[in-house]
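Below is my_file.csv, which holds CSV, C-alpha atoms.
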```
chain,number,residue,atom,x,y,z
X,27,MET,CA,-13.6,30.1,-8.2
X,28,LYS,CA,-15.3,33.3,-9.4
X,29,GLU,CA,-17.7,33.1,-12.3
X,30,LYS,CA,-16.0,36.0,-14.0
X,31,MET,CA,-12.8,34.0,-14.3
X,32,THR,CA,-11.3,34.1,-17.8
X,33,PRO,CA,-12.4,31.0,-19.6
X,34,LEU,CA,-9.7,28.4,-20.6
X,35,SER,CA,-9.3,26.7,-23.8
X,36,ALA,CA,-9.5,22.9,-23.6
X,37,LYS,CA,-5.9,22.5,-24.4
X,38,GLN,CA,-4.2,24.3,-21.5
X,39,PRO,CA,-5.3,22.0,-18.6
X,40,TYR,CA,-3.9,19.0,-20.4
X,41,GLU,CA,-0.6,20.8,-21.0
X,42,SER,CA,-0.2,21.4,-17.3
X,43,LEU,CA,-1.1,17.8,-16.5
X,44,LYS,CA,1.4,16.5,-19.1
X,45,LYS,CA,4.2,18.4,-17.4
X,46,ALA,CA,3.3,16.8,-14.1
X,47,GLY,CA,3.4,13.3,-15.7
X,48,TYR,CA,-0.2,12.8,-16.5
X,49,SER,CA,-1.0,12.3,-20.2
X,50,LYS,CA,-4.3,13.1,-21.8
X,51,VAL,CA,-4.9,9.4,-22.4
X,52,LEU,CA,-4.3,8.6,-18.7
X,53,ILE,CA,-6.7,11.4,-17.6
X,54,GLY,CA,-9.3,10.1,-20.1
X,55,LYS,CA,-9.4,6.8,-18.2
X,56,PHE,CA,-10.9,8.6,-15.2
X,57,LEU,CA,-13.3,11.0,-16.9
X,58,PRO,CA,-17.0,9.9,-16.8
X,59,ASP,CA,-18.7,8.8,-20.0
X,60,TRP,CA,-20.7,12.0,-20.2
X,61,TRP,CA,-17.6,14.2,-20.1
X,62,ASP,CA,-17.0,16.7,-22.9
X,63,ASP,CA,-13.9,18.9,-23.1
X,64,ALA,CA,-16.1,21.7,-24.1
X,65,LEU,CA,-17.1,21.9,-20.4
X,66,LEU,CA,-13.6,23.2,-19.8
X,67,LYS,CA,-14.7,26.6,-21.2
X,68,THR,CA,-17.1,27.1,-18.3
X,69,SER,CA,-16.4,27.8,-14.6
X,70,ALA,CA,-18.6,24.9,-13.6
X,71,GLY,CA,-16.8,22.6,-16.0
X,72,LEU,CA,-13.4,23.6,-14.5
X,73,PHE,CA,-14.6,22.9,-11.0
X,74,GLN,CA,-15.9,19.5,-12.1
X,75,PHE,CA,-12.6,18.7,-13.9
X,76,ALA,CA,-10.6,19.7,-10.8
X,77,ASN,CA,-12.8,17.5,-8.6
X,78,ILE,CA,-12.2,14.5,-10.8
X,79,LEU,CA,-8.4,15.1,-10.7
X,80,GLN,CA,-8.5,15.3,-6.9
X,81,ASN,CA,-10.9,12.4,-6.2
X,82,LYS,CA,-9.7,9.9,-8.8
X,83,LEU,CA,-6.0,10.7,-9.3
X,84,GLY,CA,-5.2,12.3,-5.9
X,85,LEU,CA,-3.9,15.4,-7.4
X,86,LEU,CA,-3.6,18.8,-5.7
X,87,VAL,CA,-4.7,21.4,-8.2
X,88,HIS,CA,-5.8,25.0,-8.1
X,89,PHE,CA,-6.6,27.8,-10.6
X,90,GLU,CA,-4.8,31.0,-10.9
X,91,THR,CA,-6.8,34.2,-11.1
X,92,ASN,CA,-6.4,34.1,-14.9
X,93,GLY,CA,-8.0,30.6,-14.9
X,94,GLU,CA,-4.7,28.7,-15.5
X,95,LEU,CA,-4.7,25.2,-14.0
X,96,VAL,CA,-1.8,24.6,-11.7
X,97,VAL,CA,-0.9,21.0,-10.7
X,98,SER,CA,1.2,20.6,-7.6
X,99,ALA,CA,4.1,18.3,-8.4
X,100,ASN,CA,4.2,16.8,-4.9
X,101,ASN,CA,1.7,16.5,-2.1
X,102,PRO,CA,3.3,18.4,0.8
X,103,GLN,CA,1.7,15.9,3.3
X,104,SER,CA,3.4,12.9,1.6
X,105,ARG,CA,6.7,11.6,2.9
X,106,PHE,CA,8.8,9.1,0.9
X,107,LYS,CA,11.1,6.4,2.1
X,108,HIS,CA,13.2,5.4,-0.9
X,109,ARG,CA,16.6,4.5,-2.2
X,110,GLN,CA,19.3,7.1,-2.7
X,111,ASP,CA,19.1,6.5,-6.5
X,112,THR,CA,15.3,7.2,-6.5
X,113,ASP,CA,13.8,10.6,-6.6
X,114,SER,CA,10.6,11.1,-4.7
X,115,SER,CA,9.0,12.5,-7.8
X,116,GLU,CA,9.2,9.0,-9.4
X,117,LEU,CA,6.9,7.6,-6.7
X,118,THR,CA,4.5,10.6,-6.6
X,119,ILE,CA,2.0,9.3,-9.1
X,120,SER,CA,1.5,5.9,-7.5
X,121,ALA,CA,1.3,7.6,-4.1
X,122,ASN,CA,-1.4,10.0,-5.3
X,123,PHE,CA,-3.4,7.1,-6.7
X,124,GLY,CA,-3.0,5.2,-3.4
X,125,ARG,CA,-4.3,8.3,-1.5
X,126,ALA,CA,-7.3,8.6,-3.9
X,127,LEU,CA,-8.1,4.9,-3.5
X,128,GLY,CA,-8.1,5.2,0.3
X,129,SER,CA,-10.1,8.4,0.3
X,130,ILE,CA,-13.0,6.7,-1.4
X,131,ALA,CA,-12.7,3.3,0.3
X,132,ILE,CA,-13.2,4.8,3.8
X,133,HIS,CA,-16.8,5.7,3.0
X,134,CYS,CA,-17.9,2.1,2.6
X,135,ILE,CA,-16.1,0.2,5.4
X,136,ASN,CA,-18.2,-2.0,7.7
X,137,HIS,CA,-16.1,-1.6,10.8
X,138,GLN,CA,-15.2,1.3,13.1
X,139,TYR,CA,-11.6,1.9,13.7
X,140,ILE,CA,-10.3,0.3,16.9
X,141,PRO,CA,-6.9,1.6,18.0
X,142,LEU,CA,-4.4,-1.3,18.2
X,143,PRO,CA,-1.9,-2.0,21.1
X,144,GLU,CA,1.2,0.0,20.6
X,145,ASN,CA,3.2,-2.9,22.1
X,146,ALA,CA,4.3,-5.3,19.3
X,147,SER,CA,4.1,-8.4,21.5
X,148,GLN,CA,0.6,-7.6,22.8
X,149,LEU,CA,-0.5,-6.9,19.2
X,150,ARG,CA,1.0,-10.3,18.1
X,151,GLU,CA,-1.0,-12.0,20.9
X,152,LYS,CA,-4.3,-10.4,19.7
X,153,ILE,CA,-3.7,-11.3,16.1
X,154,ILE,CA,-3.0,-14.9,17.0
X,155,ALA,CA,-6.0,-15.1,19.3
X,156,THR,CA,-8.2,-13.7,16.6
X,157,SER,CA,-6.9,-16.0,13.8
X,158,GLY,CA,-6.7,-19.1,15.9
X,159,LYS,CA,-3.3,-19.9,14.3
X,160,PRO,CA,-0.1,-20.4,16.3
X,161,TYR,CA,1.7,-17.6,14.4
X,162,VAL,CA,1.0,-14.4,12.5
X,163,ASP,CA,0.5,-15.2,8.9
X,164,PHE,CA,-0.6,-13.0,5.9
X,165,PRO,CA,-4.3,-14.0,5.8
X,166,GLY,CA,-4.6,-13.6,9.6
X,167,LEU,CA,-3.0,-10.2,9.6
X,168,VAL,CA,-5.1,-8.8,6.7
X,169,ASN,CA,-8.3,-10.1,8.3
X,170,PHE,CA,-7.2,-8.6,11.7
X,171,CYS,CA,-6.5,-5.2,10.2
X,172,TRP,CA,-9.9,-5.1,8.5
X,173,LYS,CA,-11.8,-6.2,11.7
X,174,SER,CA,-10.0,-3.4,13.5
X,175,GLY,CA,-11.2,-0.9,11.0
X,176,ILE,CA,-7.9,-0.6,9.1
X,177,PRO,CA,-8.5,-1.3,5.4
X,178,VAL,CA,-5.8,-3.1,3.5
X,179,LEU,CA,-6.1,-2.3,-0.2
X,180,GLN,CA,-4.2,-3.4,-3.2
X,181,LEU,CA,-3.2,-0.7,-5.7
X,182,ASP,CA,-3.2,-2.7,-8.9
X,183,PHE,CA,-3.3,0.1,-11.4
X,184,VAL,CA,-0.2,2.2,-11.8
X,185,PRO,CA,0.6,4.0,-15.1
X,186,LEU,CA,3.4,2.4,-17.1
X,187,LYS,CA,5.9,5.3,-16.7
X,188,ALA,CA,5.2,5.6,-12.9
X,189,LYS,CA,7.3,3.8,-10.3
X,190,ARG,CA,5.4,1.2,-8.2
X,191,MET,CA,5.7,1.4,-4.4
X,192,ALA,CA,5.9,-1.5,-2.1
X,193,GLY,CA,3.4,-0.1,0.4
X,194,MET,CA,2.1,3.1,2.1
X,195,VAL,CA,0.1,4.1,5.1
X,196,THR,CA,-2.0,7.1,5.4
X,197,ARG,CA,-4.5,8.6,7.8
X,198,ILE,CA,-7.7,10.0,6.3
X,199,LYS,CA,-10.4,11.5,8.5
X,200,ASP,CA,-8.7,9.9,11.5
X,201,ARG,CA,-8.8,6.4,10.0
X,202,PRO,CA,-5.6,4.6,9.0
X,203,VAL,CA,-5.4,3.1,5.6
X,204,ILE,CA,-2.7,0.7,4.3
X,205,ILE,CA,-2.1,0.4,0.6
X,206,LEU,CA,0.0,-2.5,-0.8
X,207,GLY,CA,1.5,-1.8,-4.2
X,208,TYR,CA,3.9,-4.7,-4.6
X,209,LYS,CA,2.4,-7.1,-7.2
X,210,ASN,CA,3.6,-10.4,-5.8
X,211,ASP,CA,1.4,-13.3,-4.7
X,212,GLN,CA,3.8,-14.8,-2.1
X,213,HIS,CA,2.4,-14.4,1.4
X,214,ALA,CA,5.9,-14.1,3.0
X,215,LYS,CA,6.8,-11.0,1.0
X,216,GLN,CA,3.5,-9.2,1.5
X,217,LEU,CA,3.4,-10.2,5.2
X,218,PHE,CA,6.6,-8.3,5.9
X,219,ILE,CA,5.4,-5.2,3.9
X,220,LEU,CA,2.1,-5.2,5.7
X,221,SER,CA,3.7,-5.6,9.1
X,222,HIS,CA,6.2,-2.9,8.3
X,223,GLU,CA,3.4,-0.4,7.3
X,224,LEU,CA,1.6,-1.3,10.5
X,225,GLY,CA,4.8,-0.5,12.4
X,226,HIS,CA,4.8,3.0,11.0
X,227,LEU,CA,1.2,3.4,12.1
X,228,GLN,CA,1.7,2.1,15.6
X,229,LYS,CA,4.9,4.0,16.1
X,230,LYS,CA,3.0,7.2,15.3
X,231,HIS,CA,5.1,8.0,12.3
X,232,VAL,CA,2.0,9.1,10.3
X,233,LYS,CA,-0.1,12.1,11.4
X,234,GLU,CA,-3.7,13.0,10.4
X,235,ASN,CA,-3.9,13.6,6.6
X,236,GLU,CA,-0.3,12.6,6.2
X,237,THR,CA,0.9,9.8,3.9
X,238,LEU,CA,4.2,7.7,4.2
X,239,ILE,CA,5.3,5.8,1.2
X,240,ASP,CA,7.9,3.0,1.1
X,241,GLU,CA,9.6,2.3,-2.2
X,242,ASP,CA,10.2,-1.5,-2.5
X,243,LEU,CA,10.6,-4.8,-0.7
X,244,ASP,CA,14.4,-4.7,-0.8
X,245,SER,CA,14.6,-1.3,0.8
X,246,ILE,CA,12.2,-2.1,3.6
X,247,ALA,CA,13.2,-5.7,4.3
X,248,GLU,CA,16.9,-5.3,4.8
X,249,LYS,CA,16.5,-5.5,8.6
X,250,ILE,CA,15.3,-9.1,8.2
X,251,SER,CA,19.0,-10.0,7.7
X,252,GLY,CA,19.8,-8.7,11.2
X,253,ASP,CA,22.3,-6.2,9.8
X,254,LYS,CA,21.8,-3.2,12.0
X,255,LYS,CA,23.8,-1.0,9.7
X,256,ALA,CA,21.2,-1.6,6.9
X,257,ARG,CA,18.9,1.1,8.2
X,258,GLN,CA,20.0,4.7,8.9
X,259,ASP,CA,16.5,6.1,8.9
X,260,ILE,CA,15.2,6.0,12.5
X,261,GLU,CA,11.5,5.6,11.5
X,262,GLU,CA,12.4,2.8,9.1
X,263,ARG,CA,14.4,1.0,11.8
X,264,GLU,CA,11.5,1.4,14.3
X,265,ALA,CA,9.0,0.0,11.7
X,266,ASP,CA,11.3,-2.9,10.9
X,267,GLU,CA,11.8,-3.8,14.6
X,268,PHE,CA,8.1,-3.5,15.3
X,269,ALA,CA,7.3,-5.8,12.3
X,270,LEU,CA,9.8,-8.4,13.3
X,271,GLU,CA,8.5,-8.5,16.9
X,272,VAL,CA,4.9,-8.9,15.6
X,273,LEU,CA,6.0,-11.8,13.3
X,274,ARG,CA,8.5,-13.5,15.6
X,275,GLY,CA,7.6,-12.4,19.2
X,276,ALA,CA,10.7,-13.0,21.4
X,277,ASN,CA,11.9,-15.8,19.2
X,278,LYS,CA,15.2,-15.7,17.3
X,279,ILE,CA,15.3,-17.9,14.2
X,280,PRO,CA,17.8,-20.7,14.7
X,281,TYR,CA,19.0,-20.9,11.1
X,282,GLY,CA,21.2,-23.9,12.0
X,283,LEU,CA,18.2,-26.1,12.4
X,284,LEU,CA,17.3,-25.6,8.8
X,285,GLY,CA,20.5,-27.5,7.9
X,286,ARG,CA,22.1,-27.3,4.5
X,287,PRO,CA,19.0,-27.8,2.3
X,288,ASP,CA,19.9,-29.5,-1.0
X,289,SER,CA,16.7,-28.5,-2.7
X,290,PRO,CA,13.8,-25.9,-2.4
X,291,ALA,CA,11.5,-28.7,-1.2
X,292,THR,CA,13.9,-29.7,1.6
X,293,LEU,CA,14.1,-26.1,2.7
X,294,ALA,CA,10.4,-25.8,2.7
X,295,VAL,CA,9.9,-29.0,4.8
X,296,ASN,CA,12.5,-27.9,7.3
X,297,ALA,CA,11.0,-24.4,7.6
X,298,ILE,CA,7.5,-25.9,8.2
X,299,LYS,CA,9.0,-28.1,11.0
X,300,LEU,CA,10.8,-25.2,12.6
X,301,SER,CA,7.7,-23.1,12.3
X,302,LYS,CA,5.8,-25.5,14.6
X,303,SER,CA,8.5,-25.3,17.3
X,304,ILE,CA,9.0,-21.5,17.4
X,305,ASN,CA,5.5,-20.3,16.2
X,306,VAL,CA,6.8,-18.2,13.3
X,307,ASP,CA,5.3,-18.2,9.8
X,308,PRO,CA,7.3,-20.7,7.7
X,309,GLY,CA,7.4,-18.3,4.7
X,310,HIS,CA,8.9,-15.6,6.9
X,311,ILE,CA,11.5,-18.2,8.1
X,312,ILE,CA,12.5,-18.9,4.5
X,313,LEU,CA,12.6,-15.2,3.6
X,314,SER,CA,14.8,-14.5,6.7
X,315,TYR,CA,17.0,-17.4,5.7
X,316,ALA,CA,17.5,-15.8,2.3
X,317,TYR,CA,18.6,-12.5,3.7
X,318,GLU,CA,20.9,-14.4,6.1
X,319,THR,CA,22.6,-16.6,3.5
X,320,HIS,CA,21.9,-14.7,0.3
X,321,GLU,CA,20.5,-18.0,-1.1
X,322,TRP,CA,17.7,-16.2,-3.0
X,323,VAL,CA,17.1,-18.7,-5.7
X,324,ILE,CA,16.5,-21.7,-3.5
X,325,ALA,CA,14.5,-19.6,-1.0
X,326,THR,CA,12.2,-18.1,-3.6
X,327,GLN,CA,11.5,-21.6,-5.0
X,328,ALA,CA,11.1,-23.0,-1.5
X,329,ILE,CA,8.3,-20.5,-0.6
X,330,ALA,CA,6.4,-21.8,-3.5
X,331,PHE,CA,6.4,-25.3,-1.9
X,332,ILE,CA,4.5,-24.1,1.2
X,333,PRO,CA,0.8,-25.0,0.7
X,334,LYS,CA,-1.7,-22.2,0.2
X,335,THR,CA,0.7,-19.3,0.5
X,336,ASN,CA,0.9,-18.1,-3.1
X,337,ASP,CA,-2.4,-16.2,-3.5
X,338,ALA,CA,-1.7,-13.0,-1.5
X,339,LEU,CA,-3.4,-10.6,-4.0
X,340,ASN,CA,-6.6,-12.7,-4.0
X,341,ILE,CA,-6.7,-12.6,-0.2
X,342,VAL,CA,-6.5,-8.8,-0.2
X,343,LYS,CA,-9.3,-8.6,-2.7
X,344,SER,CA,-11.5,-11.2,-0.9
X,345,GLU,CA,-11.1,-9.4,2.4
X,346,PHE,CA,-12.0,-6.1,0.8
X,347,LEU,CA,-15.2,-7.5,-0.6
X,348,SER,CA,-16.1,-9.1,2.7
X,349,ASN,CA,-15.6,-6.0,4.8
X,350,VAL,CA,-17.2,-3.2,2.7
X,351,ASP,CA,-20.7,-2.2,1.7
X,352,LEU,CA,-20.3,-0.9,-1.9
X,353,THR,CA,-23.9,0.2,-2.0
X,354,GLN,CA,-22.8,3.2,0.2
X,355,LEU,CA,-21.0,4.6,-2.9
X,356,SER,CA,-22.1,5.9,-6.2
X,357,GLU,CA,-21.8,3.4,-9.1
X,358,GLU,CA,-18.9,5.6,-10.4
X,359,ASN,CA,-17.0,5.2,-7.2
X,360,GLN,CA,-17.8,1.6,-6.9
X,361,SER,CA,-16.4,1.0,-10.4
X,362,TYR,CA,-13.3,3.0,-9.4
X,363,LEU,CA,-12.5,1.0,-6.3
X,364,LEU,CA,-12.9,-2.3,-8.1
X,365,SER,CA,-11.0,-1.4,-11.2
X,366,MET,CA,-8.0,0.2,-9.3
X,367,GLN,CA,-7.7,-3.1,-7.4
X,368,ASN,CA,-8.4,-5.3,-10.4
X,369,ILE,CA,-11.4,-6.8,-8.7
X,370,VAL,CA,-14.1,-8.4,-11.0
X,371,ILE,CA,-17.4,-9.3,-9.5
X,372,SER,CA,-20.5,-10.6,-11.1
X,373,ARG,CA,-23.4,-8.2,-11.0
```

Rewrite the structure of this file - the entire thing - as structure tokens.
Amino acid sequence: MKEKMTPLSAKQPYESLKKAGYSKVLIGKFLPDWWDDALLKTSAGLFQFANILQNKLGLLVHFETNGELVVSANNPQSRFKHRQDTDSSELTISANFGRALGSIAIHCINHQYIPLPENASQLREKIIATSGKPYVDFPGLVNFCWKSGIPVLQLDFVPLKAKRMAGMVTRIKDRPVIILGYKNDQHAKQLFILSHELGHLQKKHVKENETLIDEDLDSIAEKISGDKKARQDIEEREADEFALEVLRGANKIPYGLLGRPDSPATLAVNAIKLSKSINVDPGHIILSYAYETHEWVIATQAIAFIPKTNDALNIVKSEFLSNVDLTQLSEENQSYLLSMQNIVISR
């Protein structure tokens, strides 16, 4: 920006931001304590304001020659996979926050990125060998991603008027980053989302500096039911198939062996028994059963009966803290990473 640029009043930038869906109250949450809107009357202040918008909110902004702040409505490097009744603009805000979260997180990761096998069966074998478990489960997959230099972050904060995404994968400075946006503690649901996003990565659907956003669990998990007509998008179909091969290997789930469960507890017990014989996560078996039979009520309750599989968000937070060195960041950026993921640590 040129120093001779016409100064702005403090009001104009917020008007531009409001039109893009960002209220002054929301912006204020990300301004440092020392910020004063009087700084907007200086070129240096405008630069600082723009940097905050880019780094903390993931916005693309620029100034016109007259000093007017222009907010790009959509990031041209973002691609959205959403329902027909959803406009991509409804997901833009959460996608921008996810991108900002990943952009800061990559500067404090303890592991170098190690490219993963592109073959789903080989990847499954590596995950199982690393976790020591007979099947791919959510804790094992999250841990494997981090150890491979692929951070898995939870975007907890999304403004009330913004639509929450299920997940997204992005590449920043040649490092993949996966963001989970679905606020649900059930391992089975988060497991498929994470596997699906990993599928996008391994199928090379995401280029450098590009971001791919999936809307919600229902739209990305329809392939679990086995209905090949459920997915018209080639990339989504490929990501689904990759995810299922990682989770199931060459196994097909013999739903008949689950019987006709008369209660959620019975379904859970039967799924755990079947899990041991086909080496597939019991929660995934139940979720697959739900899509196959549409018995959602009993299936959702049954998943809750599987021990230690209802703390997915805490697992994501714990793995984050175990695999980063926050001292590599400024206190401001440390606070940002923690608050955006709703992580509280004792100082």

Check the smallest atom-to-atom distance from each of X:Ala297, X:Ala325, X:Ile176, X:Ile154 to Asp200 in chain X using all atoms listed in the file, then report the winner.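 Going through X:Ala297, X:Ala325, X:Ile176, X:Ile154 one by one, the smallest distance to Asp200 in chain X is for X:Ile176.
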
Which residues, written as a VMD selection string, have at least one atom at most 6 Å from range 342-352 of chain X, with all atoms listed in the file counted and residues fewer than 5 positions away on the same chain left out? chain X and resid 134 to 136

Expected file contents, prior selection, C-alpha atoms, as a PDB file, in the coordinates of the input:
```pdb
ATOM      1  CA  CYS X 134     -17.900   2.100   2.600  1.00  0.00           C
ATOM      2  CA  ILE X 135     -16.100   0.200   5.400  1.00  0.00           C
ATOM      3  CA  ASN X 136     -18.200  -2.000   7.700  1.00  0.00           C
TER       4      ASN X 136
END
```

So how far away is CA of Pro290 in chain X from CA of Gln327 in chain X, in Å?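 Between CA of Gln327 in chain X and CA of Pro290 in chain X the gap is 5.5 Å.
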
Name all residues at most 9 Å from range 356-372 of chain X (count only C-alpha atoms; drop same-chain ones fewer than 3 positions away) and give them as a ChimeraX atom specification. /X:56,58,82,123,127-128,130-131,179-184,340,343-344,347,352-353

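When only C-alpha atoms are used to measure the gap to Arg197 in chain X, the shortest distance among X:Ser129, X:Gln74, X:Ser301, X:Asn169 belongs to X:Ser129.
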
Thr326 in chain X: which residues within 12 Å, counting all atoms listed in the file, same-chain residues fewer than 6 positions away excluded, as a PDB file with C-alpha atoms, in the coordinates of the input?
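Listing of result-v3.pdb after writing:
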```pdb
ATOM      1  CA  ASN X 210       3.600 -10.400  -5.800  1.00  0.00           C
ATOM      2  CA  ASP X 211       1.400 -13.300  -4.700  1.00  0.00           C
ATOM      3  CA  GLN X 212       3.800 -14.800  -2.100  1.00  0.00           C
ATOM      4  CA  HIS X 213       2.400 -14.400   1.400  1.00  0.00           C
ATOM      5  CA  ALA X 214       5.900 -14.100   3.000  1.00  0.00           C
ATOM      6  CA  LYS X 215       6.800 -11.000   1.000  1.00  0.00           C
ATOM      7  CA  SER X 289      16.700 -28.500  -2.700  1.00  0.00           C
ATOM      8  CA  PRO X 290      13.800 -25.900  -2.400  1.00  0.00           C
ATOM      9  CA  ALA X 291      11.500 -28.700  -1.200  1.00  0.00           C
ATOM     10  CA  LEU X 293      14.100 -26.100   2.700  1.00  0.00           C
ATOM     11  CA  ALA X 294      10.400 -25.800   2.700  1.00  0.00           C
ATOM     12  CA  GLY X 309       7.400 -18.300   4.700  1.00  0.00           C
ATOM     13  CA  HIS X 310       8.900 -15.600   6.900  1.00  0.00           C
ATOM     14  CA  ILE X 311      11.500 -18.200   8.100  1.00  0.00           C
ATOM     15  CA  ILE X 312      12.500 -18.900   4.500  1.00  0.00           C
ATOM     16  CA  LEU X 313      12.600 -15.200   3.600  1.00  0.00           C
ATOM     17  CA  SER X 314      14.800 -14.500   6.700  1.00  0.00           C
ATOM     18  CA  TYR X 315      17.000 -17.400   5.700  1.00  0.00           C
ATOM     19  CA  ALA X 316      17.500 -15.800   2.300  1.00  0.00           C
ATOM     20  CA  TYR X 317      18.600 -12.500   3.700  1.00  0.00           C
ATOM     21  CA  HIS X 320      21.900 -14.700   0.300  1.00  0.00           C
ATOM     22  CA  ILE X 332       4.500 -24.100   1.200  1.00  0.00           C
ATOM     23  CA  ASN X 336       0.900 -18.100  -3.100  1.00  0.00           C
TER      24      ASN X 336
END
```

Record the distance separating CA of Glu151 in chain X and CA of Asn235 in chain X, expressed in Å with one decimal.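 CA of Asn235 in chain X lies 29.5 Å from CA of Glu151 in chain X.
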
Computed gap from CA of Glu267 in chain X to CA of Ile219 in chain X is 12.5 Å

Can you tell me, as a ChimeraX atom specification, what residues are no more than 7 Å from Tyr208 in chain X when counting only C-alpha atoms, ignoring any on the same chain fewer than 5 positions away? /X:191-193

Shortest contact to Ala330 in chain X, candidates X:Pro287, X:Leu83, X:Val96, X:Val295, atoms counted only C-alpha atoms, goes to X:Val295

Neighbours of point (6.1, 1.4, 12.0) within 8 Å, using all atoms listed in the file, written as an NGL selection string: :X and (221-231 or 261-262 or 264-266 or 268-269)

Quick one: everything within 8 Å of Gly166 in chain X, counting only C-alpha atoms, minus sequence neighbours fewer than 2 positions away in the same chain. Send it as a list in words.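 In the requested form, the answer reads Ile153, Ile154, Thr156, Ser157, Lys159, Val162, Asp163, Phe164, Val168, Asn169 and Phe170 of chain X.
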
Could the residues in this selection be written to a file with C-alpha atoms, as a PDB file, in the coordinates of the input?
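Contents of selection.pdb, as written:
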```pdb
ATOM      1  CA  ILE X 153      -3.700 -11.300  16.100  1.00  0.00           C
ATOM      2  CA  ILE X 154      -3.000 -14.900  17.000  1.00  0.00           C
ATOM      3  CA  THR X 156      -8.200 -13.700  16.600  1.00  0.00           C
ATOM      4  CA  SER X 157      -6.900 -16.000  13.800  1.00  0.00           C
ATOM      5  CA  LYS X 159      -3.300 -19.900  14.300  1.00  0.00           C
ATOM      6  CA  VAL X 162       1.000 -14.400  12.500  1.00  0.00           C
ATOM      7  CA  ASP X 163       0.500 -15.200   8.900  1.00  0.00           C
ATOM      8  CA  PHE X 164      -0.600 -13.000   5.900  1.00  0.00           C
ATOM      9  CA  VAL X 168      -5.100  -8.800   6.700  1.00  0.00           C
ATOM     10  CA  ASN X 169      -8.300 -10.100   8.300  1.00  0.00           C
ATOM     11  CA  PHE X 170      -7.200  -8.600  11.700  1.00  0.00           C
TER      12      PHE X 170
END
```
